[in-house]
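Asker: So here's data.cif (mmCIF, C-alpha atoms).
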data_my_file
loop_
_atom_site.label_atom_id
_atom_site.label_comp_id
_atom_site.auth_asym_id
_atom_site.auth_seq_id
_atom_site.Cartn_x
_atom_site.Cartn_y
_atom_site.Cartn_z
CA MET A 95 -282.58 -74.19 81.47
CA GLN A 96 -281.19 -70.96 80.11
CA SER A 97 -277.54 -70.14 79.65
CA LEU A 98 -276.21 -66.64 80.05
CA PRO A 99 -273.85 -65.16 77.47
CA SER A 100 -270.28 -64.98 78.60
CA ALA A 101 -269.62 -61.48 79.86
CA VAL A 102 -266.38 -59.60 79.86
CA THR A 103 -265.73 -58.98 83.51
CA ALA A 104 -262.99 -56.64 84.53
CA SER A 105 -260.99 -57.71 87.56
CA ALA A 106 -260.41 -54.09 88.49
CA PRO A 107 -262.20 -51.07 87.01
CA GLU A 108 -259.03 -48.98 87.16
CA LEU A 109 -257.48 -51.16 84.45
CA HIS A 110 -259.43 -49.28 81.77
CA VAL A 111 -258.49 -45.87 80.43
CA ASN A 112 -259.44 -43.58 77.54
CA ALA A 113 -256.73 -40.99 76.91
CA HIS A 114 -255.78 -38.84 73.93
CA GLY A 115 -257.83 -40.88 71.46
CA PHE A 116 -256.55 -44.24 72.69
CA SER A 117 -258.56 -46.82 74.61
CA LEU A 118 -256.74 -49.37 76.75
CA HIS A 119 -258.59 -52.30 78.32
CA ALA A 120 -255.97 -54.05 80.41
CA ALA A 121 -258.58 -55.97 82.42
CA VAL A 122 -259.98 -57.95 79.46
CA ARG A 123 -259.04 -61.59 79.66
CA TRP A 124 -260.42 -65.03 78.86
CA ARG A 125 -259.62 -68.59 79.77
CA ALA A 126 -258.06 -70.90 77.18
CA ASP A 127 -261.32 -72.85 76.80
CA GLN A 128 -263.28 -69.73 75.79
CA ARG A 129 -262.46 -70.14 72.09
CA LYS A 130 -265.16 -67.86 70.70
CA GLU A 131 -264.12 -64.94 72.90
CA LEU A 132 -260.43 -65.50 72.13
CA GLU A 133 -261.23 -65.47 68.41
CA GLN A 134 -263.15 -62.19 68.77
CA LEU A 135 -260.24 -60.63 70.64
CA SER A 136 -257.76 -61.87 68.01
CA ARG A 137 -259.88 -60.41 65.21
CA TYR A 138 -260.15 -57.10 67.06
CA ILE A 139 -256.43 -56.65 67.71
CA THR A 140 -255.41 -57.70 64.19
CA ARG A 141 -257.84 -55.43 62.35
CA PRO A 142 -256.34 -53.06 59.78
CA ALA A 143 -255.72 -49.40 60.55
CA ASN A 144 -258.07 -48.39 57.71
CA ALA A 145 -261.22 -50.13 56.60
CA ASN A 146 -260.40 -51.89 53.34
CA GLU A 147 -263.88 -51.12 52.00
CA ARG A 148 -263.12 -47.38 52.12
CA LEU A 149 -259.73 -47.65 50.40
CA LYS A 150 -259.53 -47.78 46.58
CA ARG A 151 -257.24 -46.85 43.69
CA ASN A 152 -258.47 -44.73 40.83
CA ARG A 153 -257.57 -45.12 37.13
CA ALA A 154 -254.61 -42.76 37.53
CA GLY A 155 -253.16 -45.08 40.20
CA GLN A 156 -253.84 -42.68 43.07
CA VAL A 157 -255.10 -43.88 46.45
CA VAL A 158 -258.65 -42.74 47.25
CA LEU A 159 -259.73 -42.88 50.89
CA GLN A 160 -263.44 -42.45 51.58
CA LEU A 161 -264.01 -40.65 54.88
CA LYS A 162 -266.34 -42.14 57.50
CA SER A 163 -268.16 -38.83 57.77
CA PRO A 164 -267.79 -35.76 55.57
CA TYR A 165 -265.68 -32.81 56.66
CA LYS A 166 -267.41 -29.52 57.44
CA ASP A 167 -266.56 -28.28 53.94
CA GLY A 168 -268.31 -31.29 52.38
CA THR A 169 -265.17 -33.31 51.52
CA THR A 170 -266.02 -37.02 51.35
CA HIS A 171 -262.81 -38.47 49.83
CA ILE A 172 -259.09 -37.84 50.11
CA VAL A 173 -257.02 -38.49 46.97
CA MET A 174 -253.25 -38.90 47.25
CA GLU A 175 -250.31 -40.51 45.51
CA PRO A 176 -249.34 -44.00 46.74
CA LEU A 177 -246.07 -42.74 48.21
CA GLU A 178 -247.88 -39.99 50.14
CA PHE A 179 -250.35 -42.59 51.47
CA MET A 180 -247.47 -44.80 52.65
CA GLU A 181 -245.83 -41.78 54.31
CA ARG A 182 -249.05 -41.05 56.20
CA LEU A 183 -249.35 -44.67 57.31
CA ALA A 184 -245.72 -44.77 58.41
CA ALA A 185 -246.27 -41.62 60.50
CA LEU A 186 -248.89 -43.52 62.54
CA VAL A 187 -246.42 -46.23 63.58
CA PRO A 188 -244.60 -45.30 66.81
CA ARG A 189 -240.84 -45.46 66.90
CA PRO A 190 -239.39 -48.58 68.53
CA ARG A 191 -239.09 -48.52 72.30
CA LEU A 192 -241.10 -45.30 72.58
CA HIS A 193 -244.08 -45.01 74.90
CA LEU A 194 -247.13 -43.39 73.33
CA ILE A 195 -248.23 -41.73 76.56
CA ARG A 196 -245.67 -39.74 78.47
CA ARG A 197 -245.97 -38.54 82.03
CA PHE A 198 -244.71 -35.20 83.20
CA THR A 199 -244.53 -34.35 86.87
CA VAL A 200 -243.60 -31.31 88.88
CA ASP A 201 -240.63 -31.81 91.15
CA ARG A 202 -241.88 -29.61 93.98
CA SER A 203 -243.95 -30.42 97.00
CA ALA A 204 -247.50 -29.18 97.42
CA THR A 205 -246.45 -27.23 100.50
CA ASP A 206 -244.07 -25.10 98.40
CA PHE A 207 -246.96 -24.15 96.16
CA ALA A 208 -249.23 -23.48 99.13
CA ARG A 209 -246.65 -21.10 100.60
CA GLY A 210 -246.24 -19.36 97.25
CA SER A 211 -242.55 -20.18 97.06
CA LYS A 212 -241.07 -19.26 93.68
CA SER A 213 -237.43 -19.84 94.42
CA PRO A 214 -235.75 -22.92 92.95
CA ARG A 215 -234.48 -25.53 95.35
#
Show the structure stored in the file as structure tokens.

Answerer:
Amino acid sequence: MQSLPSAVTASAPELHVNAHGFSLHAAVRWRADQRKELEQLSRYITRPANANERLKRNRAGQVVLQLKSPYKDGTTHIVMEPLEFMERLAALVPRPRLHLIRRFTVDRSATDFARGSKSPR
């Protein structure tokens, strides 16, 4: 007898999107008895914004961030003052009650565009 690993099955493929550097998997779900999968999900969503292994302080008290891959100019580390580092982290946190993805629509029908109408309604 062979058991199959539990697979993440999406209920609807349209519940997954990659947009503007963000990945949203709204179809991922597990039952309450799937403890291992729930633990993996909890660890994933509570991971830090920066890898702790790449973040150090030098003897001068500055924050040194090792880059995952070097920049084109060969830069491998970014050195900054602690306050500057906190400012950069704070800039990543969205303001309260603000959606990260905004939707803009055109308030004209497709037939207006097909006719070449340029006059406002």

Asker: Rank nothing, just name the residue among A:Gly155, A:Gly168, A:Pro142, A:Ala113 nearest to Leu183 (chain A), using only C-alpha atoms.

Answerer: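 The shortest atom-to-atom distance to Leu183 (chain A) comes from A:Pro142.
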
Asker: Report, in Å with one decimal, the straight-line distance from CA of Phe179 (chain A) to CA of Arg141 (chain A).

Answerer: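 Atom-to-atom, CA of Phe179 (chain A) to CA of Arg141 (chain A), that is 18.4 Å.
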
Asker: By how many Å are CA of Val157 (chain A) and CA of Arg182 (chain A) apart?

Answerer: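 These atoms are spaced 11.8 Å apart.
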
Asker: Taking into account only C-alpha atoms, which residue in the set A:Leu132, A:Leu149, A:Ser117, A:Gln156 is nearest to Glu178 (chain A)?

Answerer: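 Distance minimum relative to Glu178 (chain A) lands on A:Gln156.
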
Asker: Between A:Glu133, A:Glu175, A:Asp127, A:Asp167, which has the minimum distance to Lys150 (chain A) (counting all atoms listed in the file)?

Answerer: A:Glu175

Asker: I'd like the interatomic distance between CA of Pro164 (chain A) and CA of Val111 (chain A), to a tenth of an Å.

Answerer: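 Taking CA of Pro164 (chain A) and CA of Val111 (chain A), their separation equals 28.4 Å.
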
Asker: Quick one: of A:His114, A:Arg123, A:Val187, A:Ala145, who's nearest to Lys162 (chain A), counting only C-alpha atoms?

Answerer: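 When distances to Lys162 (chain A) are compared using only C-alpha atoms, the smallest one comes from A:Ala145.
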
Asker: Residues at most 10 Å from Thr170 (chain A), counting all atoms listed in the file, excluding those fewer than 4 positions away in the same chain, as a list in words?

Answerer: Leu159, Gln160, Leu161, Lys162, Ser163, Pro164, Tyr165 and Lys166 of chain A
